[in-house]
Amino acid sequence: MDRLDTPDFDHYPITVLPVELTVSESELLITWEDGHRSCFPLIMLRDFSPDLVTFSLQTREQNISILDIPDSLSVTEAEICDDGFISLKWLPECLVSRYHPGWLRVHCPTDPKPQFTLPDIKLWPWGLTHIPVSVPADQIQQPAGMTTWLNGIHRDGAARITGLPQEPAALADVVTAIGPVRESNFGSFFEVISRPDADSNAYTAQALAPHTDLATREYQPGLQFLFCLANQTTGGDNILVDGYAVADMLKQTSPDDYELLSSTLIPFMSRGLDTEYRYHAPLLEHDRHGKICTIRFTYWLRSPMSGNQQKIAAFYRAYRRFHEIVNDPANQIRFRLQPGDLIGFDNRRVLHGRTSFDPESGDRWLRGCYLDREELESRLRILSRNLRAQQAG
Ligand SMILES: [Fe+2]
């Protein structure tokens, strides 16, 4: 490749062609054959000019900053080429840029149509009894199988793979195909087994009510993976709860409690022998659009609250209500992992727990790890981009 078709190295189908150009001092107006009109600021088109001065083929990054673009920028020639590309000649640089019509149409500032979007979040319906998505191990090596699994984790909050080799390394083989593992003070990979020197409730045989992991961290891990290597004990069934659905129920039935859990800062605190993580955050967090984006619910890692005593008491009432909804069996999926099963779930949405088990009754060994959400999102984008490249030939 010695030239760039697009500044993002992606592939765009040409579904509609430009038919007319109008250049003004600061804008390019494109009229498309379907009648749509796109108005691009010239400075933005120059910023994303797909040429080898502006972008590097080697690094696939931009070579220039805004200060490298003359303030007196103008277009002296504009034409629609035979292949539908739009050619602009810039002054005073005398640079000629060729813009792909598919790229231009997708990036129309007033009507953008991204080639890839993540699937919409789907709350679990009341009474759901099983993890919505399950993919056989022999399909996970294929792009379509990986896409199905990752879409399930994003959309439904949890998805399973069945029938992986019953070897510890099988977990790393799958998750590193998504992206880098996020290490914690429990290591890159942690072994969920009952052991006498347990430094977490997870490493005992006691029941764990549904929770999120590592609420003490500023950036709570977005994804958790649990891979079953042995599960012969009496007890030790897994539990999952859709925390977003629980929050939604609370919002419908007790809006004041919802507001309290969205605004009251909880002092989260770990009490390890040589680590002490602390972070203050509400149980329910929202993004800049006001949509719920994080549940923080490692309920055993907290320290006393401070402030007005009535407010603290009101918080505790709301907090109890949240626990009650989480622990209602109708809101829980209960299942038994089989050796070779791997579940991936959104640790900032789906709460996980287990029933107690008798460690004398057999082996129980789950191997776990964390990744950040953005690794899953990046992998889905690449799978989608690769598919477009394949379709483009
Ligand atoms: Fe956990």
# chains A, B, ... in the order shown; residues from 1 in each chain; ligands from 1
call {"tool": "residues_near_ligand", "arguments": {"ligand": "ligand 1", "cutoff": "12 Å", "atoms": "only C-alpha atoms and all ligand atoms", "output": "PyMOL selection string"}}
result
chain A and resi 186+190-192+200-204+207-215+221+223-226+238-240+296-301+345-348+350-354+366-370
call {"tool": "residues_around", "arguments": {"residues": "Phe9 of chain A", "least_positions_apart": "2", "cutoff": "12 Å", "atoms": "only C-alpha atoms", "output": "PyMOL selection string"}}
result
chain A and resi 1+3-7+11-12+48+50-51+55-62+100+103+382+385-386+388-389
call {"tool": "residues_around", "arguments": {"residues": "Gly163 of chain A", "least_positions_apart": "6", "cutoff": "12 Å", "atoms": "only C-alpha atoms", "output": "list in words"}}
result
Ser134, Val135, Pro136, Ala137, Asp138, Gln139, Ile140, Ala170, Leu171, Phe227, Cys228, Leu229, Leu337, Gln338, Pro339, Gly340, Asp341, Leu342 and Ile343 of chain A
call {"tool": "write_last_selection", "arguments": {"atoms": "N, CA, C and O atoms", "output": "PDB file, in the first residue's frame"}}
result
ATOM      1  N   SER A 134     -24.766 -18.923  24.959  1.00  0.00           N
ATOM      2  CA  SER A 134     -23.796 -19.988  25.220  1.00  0.00           C
ATOM      3  C   SER A 134     -23.182 -20.403  23.883  1.00  0.00           C
ATOM      4  O   SER A 134     -23.900 -20.646  22.912  1.00  0.00           O
ATOM      5  N   VAL A 135     -21.854 -20.454  23.831  1.00  0.00           N
ATOM      6  CA  VAL A 135     -21.149 -20.749  22.581  1.00  0.00           C
ATOM      7  C   VAL A 135     -20.287 -21.994  22.796  1.00  0.00           C
ATOM      8  O   VAL A 135     -19.510 -22.046  23.762  1.00  0.00           O
ATOM      9  N   PRO A 136     -20.376 -23.017  21.929  1.00  0.00           N
ATOM     10  CA  PRO A 136     -19.497 -24.186  22.059  1.00  0.00           C
ATOM     11  C   PRO A 136     -18.039 -23.816  21.793  1.00  0.00           C
ATOM     12  O   PRO A 136     -17.761 -22.952  20.950  1.00  0.00           O
ATOM     13  N   ALA A 137     -17.133 -24.484  22.517  1.00  0.00           N
ATOM     14  CA  ALA A 137     -15.704 -24.133  22.434  1.00  0.00           C
ATOM     15  C   ALA A 137     -15.168 -24.185  21.011  1.00  0.00           C
ATOM     16  O   ALA A 137     -14.322 -23.380  20.633  1.00  0.00           O
ATOM     17  N   ASP A 138     -15.664 -25.126  20.198  1.00  0.00           N
ATOM     18  CA  ASP A 138     -15.086 -25.260  18.853  1.00  0.00           C
ATOM     19  C   ASP A 138     -15.460 -24.077  17.948  1.00  0.00           C
ATOM     20  O   ASP A 138     -14.917 -23.941  16.852  1.00  0.00           O
ATOM     21  N   GLN A 139     -16.381 -23.220  18.406  1.00  0.00           N
ATOM     22  CA  GLN A 139     -16.728 -22.056  17.575  1.00  0.00           C
ATOM     23  C   GLN A 139     -15.988 -20.782  18.008  1.00  0.00           C
ATOM     24  O   GLN A 139     -16.024 -19.776  17.302  1.00  0.00           O
ATOM     25  N   ILE A 140     -15.349 -20.842  19.180  1.00  0.00           N
ATOM     26  CA  ILE A 140     -14.803 -19.601  19.731  1.00  0.00           C
ATOM     27  C   ILE A 140     -13.553 -19.146  18.981  1.00  0.00           C
ATOM     28  O   ILE A 140     -13.182 -17.976  19.021  1.00  0.00           O
ATOM     29  N   ALA A 170      -6.221 -22.916  29.375  1.00  0.00           N
ATOM     30  CA  ALA A 170      -7.310 -22.665  28.412  1.00  0.00           C
ATOM     31  C   ALA A 170      -7.945 -21.292  28.642  1.00  0.00           C
ATOM     32  O   ALA A 170      -8.400 -20.641  27.700  1.00  0.00           O
ATOM     33  N   LEU A 171      -7.965 -20.829  29.904  1.00  0.00           N
ATOM     34  CA  LEU A 171      -8.555 -19.514  30.189  1.00  0.00           C
ATOM     35  C   LEU A 171      -7.760 -18.412  29.486  1.00  0.00           C
ATOM     36  O   LEU A 171      -8.328 -17.557  28.792  1.00  0.00           O
ATOM     37  N   PHE A 227     -13.452 -19.632  34.973  1.00  0.00           N
ATOM     38  CA  PHE A 227     -13.283 -20.862  34.197  1.00  0.00           C
ATOM     39  C   PHE A 227     -13.290 -22.036  35.164  1.00  0.00           C
ATOM     40  O   PHE A 227     -12.517 -22.069  36.129  1.00  0.00           O
ATOM     41  N   CYS A 228     -14.144 -23.012  34.903  1.00  0.00           N
ATOM     42  CA  CYS A 228     -14.294 -24.148  35.823  1.00  0.00           C
ATOM     43  C   CYS A 228     -13.347 -25.277  35.433  1.00  0.00           C
ATOM     44  O   CYS A 228     -13.395 -25.785  34.310  1.00  0.00           O
ATOM     45  N   LEU A 229     -12.483 -25.639  36.390  1.00  0.00           N
ATOM     46  CA  LEU A 229     -11.569 -26.765  36.175  1.00  0.00           C
ATOM     47  C   LEU A 229     -12.016 -27.998  36.953  1.00  0.00           C
ATOM     48  O   LEU A 229     -11.679 -29.120  36.580  1.00  0.00           O
ATOM     49  N   LEU A 337     -21.593 -24.798  37.176  1.00  0.00           N
ATOM     50  CA  LEU A 337     -20.573 -24.820  36.129  1.00  0.00           C
ATOM     51  C   LEU A 337     -20.019 -26.232  35.994  1.00  0.00           C
ATOM     52  O   LEU A 337     -19.763 -26.911  37.000  1.00  0.00           O
ATOM     53  N   GLN A 338     -19.821 -26.653  34.764  1.00  0.00           N
ATOM     54  CA  GLN A 338     -19.187 -27.948  34.485  1.00  0.00           C
ATOM     55  C   GLN A 338     -17.722 -27.708  34.128  1.00  0.00           C
ATOM     56  O   GLN A 338     -17.396 -26.658  33.554  1.00  0.00           O
ATOM     57  N   PRO A 339     -16.841 -28.652  34.456  1.00  0.00           N
ATOM     58  CA  PRO A 339     -15.448 -28.482  34.027  1.00  0.00           C
ATOM     59  C   PRO A 339     -15.375 -28.208  32.521  1.00  0.00           C
ATOM     60  O   PRO A 339     -16.039 -28.889  31.740  1.00  0.00           O
ATOM     61  N   GLY A 340     -14.603 -27.190  32.154  1.00  0.00           N
ATOM     62  CA  GLY A 340     -14.516 -26.779  30.742  1.00  0.00           C
ATOM     63  C   GLY A 340     -15.445 -25.627  30.410  1.00  0.00           C
ATOM     64  O   GLY A 340     -15.381 -25.073  29.315  1.00  0.00           O
ATOM     65  N   ASP A 341     -16.316 -25.236  31.362  1.00  0.00           N
ATOM     66  CA  ASP A 341     -17.200 -24.075  31.146  1.00  0.00           C
ATOM     67  C   ASP A 341     -16.458 -22.789  31.514  1.00  0.00           C
ATOM     68  O   ASP A 341     -15.739 -22.736  32.523  1.00  0.00           O
ATOM     69  N   LEU A 342     -16.680 -21.760  30.730  1.00  0.00           N
ATOM     70  CA  LEU A 342     -16.123 -20.429  31.026  1.00  0.00           C
ATOM     71  C   LEU A 342     -17.255 -19.422  30.945  1.00  0.00           C
ATOM     72  O   LEU A 342     -17.972 -19.370  29.931  1.00  0.00           O
ATOM     73  N   ILE A 343     -17.446 -18.654  32.032  1.00  0.00           N
ATOM     74  CA  ILE A 343     -18.412 -17.564  31.939  1.00  0.00           C
ATOM     75  C   ILE A 343     -17.652 -16.240  31.942  1.00  0.00           C
ATOM     76  O   ILE A 343     -16.694 -16.045  32.692  1.00  0.00           O
TER      77      ILE A 343
END
call {"tool": "closest_residue", "arguments": {"among": "A:Trp90, A:Phe85, A:Phe357, A:Tyr99", "to": "Ile69 of chain A", "atoms": "only C-alpha atoms"}}
result
A:Trp90
call {"tool": "atom_distance", "arguments": {"atom1": "atom CA of Glu183 of chain A", "atom2": "atom CA of Lys122 of chain A"}}
result
28.8 Å
call {"tool": "select_by_dssp", "arguments": {"residues": "segment 89-132 of chain A", "states": "alpha helix (DSSP H)", "output": "count of residues only"}}
result
6
call {"tool": "residues_around", "arguments": {"residues": "segment 18-20 of chain A", "least_positions_apart": "2", "cutoff": "12 Å", "atoms": "only C-alpha atoms", "output": "mmCIF file with C-alpha atoms, in the first residue's frame"}}
result
data_model
loop_
_atom_site.group_PDB
_atom_site.id
_atom_site.type_symbol
_atom_site.label_atom_id
_atom_site.label_comp_id
_atom_site.auth_asym_id
_atom_site.auth_seq_id
_atom_site.Cartn_x
_atom_site.Cartn_y
_atom_site.Cartn_z
ATOM 1 C CA ILE A 14 -19.874 3.121 -1.878
ATOM 2 C CA THR A 15 -23.658 3.115 -1.636
ATOM 3 C CA VAL A 16 -24.378 6.632 -2.852
ATOM 4 C CA THR A 22 -20.186 23.910 -3.570
ATOM 5 C CA VAL A 23 -17.117 25.412 -1.931
ATOM 6 C CA LEU A 28 -17.672 22.212 1.392
ATOM 7 C CA LEU A 29 -21.288 21.402 0.607
ATOM 8 C CA ILE A 30 -21.801 17.982 -1.011
ATOM 9 C CA THR A 31 -25.095 17.102 -2.646
ATOM 10 C CA TRP A 32 -25.575 13.338 -2.947
ATOM 11 C CA GLU A 33 -27.530 11.501 -5.618
ATOM 12 C CA ASP A 34 -30.205 10.576 -3.050
ATOM 13 C CA GLY A 35 -30.758 14.294 -2.346
ATOM 14 C CA HIS A 36 -28.980 14.323 1.026
ATOM 15 C CA ARG A 37 -26.650 17.263 1.619
ATOM 16 C CA SER A 38 -23.511 17.165 3.781
ATOM 17 C CA CYS A 39 -21.784 20.317 4.901
ATOM 18 C CA ALA A 78 -12.803 20.871 -6.097
ATOM 19 C CA GLU A 79 -14.025 18.076 -8.356
ATOM 20 C CA ILE A 80 -15.881 14.781 -8.336
ATOM 21 C CA CYS A 81 -13.617 12.155 -9.890
ATOM 22 C CA ASP A 82 -14.810 9.337 -12.189
ATOM 23 C CA ASP A 83 -14.559 6.821 -9.304
ATOM 24 C CA GLY A 84 -16.779 9.010 -7.067
ATOM 25 C CA PHE A 85 -13.900 10.300 -4.951
ATOM 26 C CA ILE A 86 -13.828 14.026 -4.204
ATOM 27 C CA SER A 87 -10.573 15.817 -4.978
ATOM 28 C CA TYR A 99 -11.757 11.765 -0.175
ATOM 29 C CA HIS A 100 -13.544 8.419 -0.346
ATOM 30 C CA PRO A 101 -17.297 8.942 -0.934
ATOM 31 C CA GLY A 102 -18.190 6.131 1.497
ATOM 32 C CA TRP A 103 -16.047 7.689 4.224
ATOM 33 C CA LEU A 104 -17.525 11.131 3.575
ATOM 34 C CA ARG A 105 -21.125 9.893 3.692
#
call {"tool": "select_by_dssp", "arguments": {"residues": "segment 68-266 of chain A", "states": "strand (DSSP E)", "output": "ChimeraX atom specification"}}
result
/A:74-80,86-91,95-99,133-136,158-162,190-192,208-211,223-231,234-235,238-242,266
call {"tool": "residues_around", "arguments": {"residues": "Leu88 of chain A", "least_positions_apart": "3", "cutoff": "8 Å", "atoms": "only C-alpha atoms", "output": "VMD selection string"}}
result
chain A and resid 75 to 79 96 to 98
call {"tool": "write_last_selection", "arguments": {"atoms": "N, CA and C atoms", "output": "PDB file, in the first residue's frame"}}
result
ATOM      1  N   VAL A  75      -9.626  26.297  -0.479  1.00  0.00           N
ATOM      2  CA  VAL A  75      -9.676  25.282  -1.535  1.00  0.00           C
ATOM      3  C   VAL A  75      -9.720  26.010  -2.869  1.00  0.00           C
ATOM      4  N   THR A  76      -8.770  25.657  -3.719  1.00  0.00           N
ATOM      5  CA  THR A  76      -8.719  26.339  -5.026  1.00  0.00           C
ATOM      6  C   THR A  76      -9.358  25.512  -6.134  1.00  0.00           C
ATOM      7  N   GLU A  77      -9.378  24.173  -5.967  1.00  0.00           N
ATOM      8  CA  GLU A  77     -10.041  23.311  -6.972  1.00  0.00           C
ATOM      9  C   GLU A  77     -10.799  22.229  -6.238  1.00  0.00           C
ATOM     10  N   ALA A  78     -12.003  21.949  -6.677  1.00  0.00           N
ATOM     11  CA  ALA A  78     -12.803  20.871  -6.097  1.00  0.00           C
ATOM     12  C   ALA A  78     -13.503  20.128  -7.220  1.00  0.00           C
ATOM     13  N   GLU A  79     -13.345  18.811  -7.280  1.00  0.00           N
ATOM     14  CA  GLU A  79     -14.025  18.076  -8.356  1.00  0.00           C
ATOM     15  C   GLU A  79     -14.426  16.679  -7.900  1.00  0.00           C
ATOM     16  N   VAL A  96      -3.007  18.131  -2.685  1.00  0.00           N
ATOM     17  CA  VAL A  96      -4.253  17.589  -3.263  1.00  0.00           C
ATOM     18  C   VAL A  96      -4.715  16.416  -2.396  1.00  0.00           C
ATOM     19  N   SER A  97      -5.960  16.466  -1.956  1.00  0.00           N
ATOM     20  CA  SER A  97      -6.527  15.397  -1.119  1.00  0.00           C
ATOM     21  C   SER A  97      -7.657  14.737  -1.884  1.00  0.00           C
ATOM     22  N   ARG A  98      -7.712  13.392  -1.754  1.00  0.00           N
ATOM     23  CA  ARG A  98      -8.811  12.632  -2.399  1.00  0.00           C
ATOM     24  C   ARG A  98      -9.620  11.946  -1.304  1.00  0.00           C
TER      25      ARG A  98
END
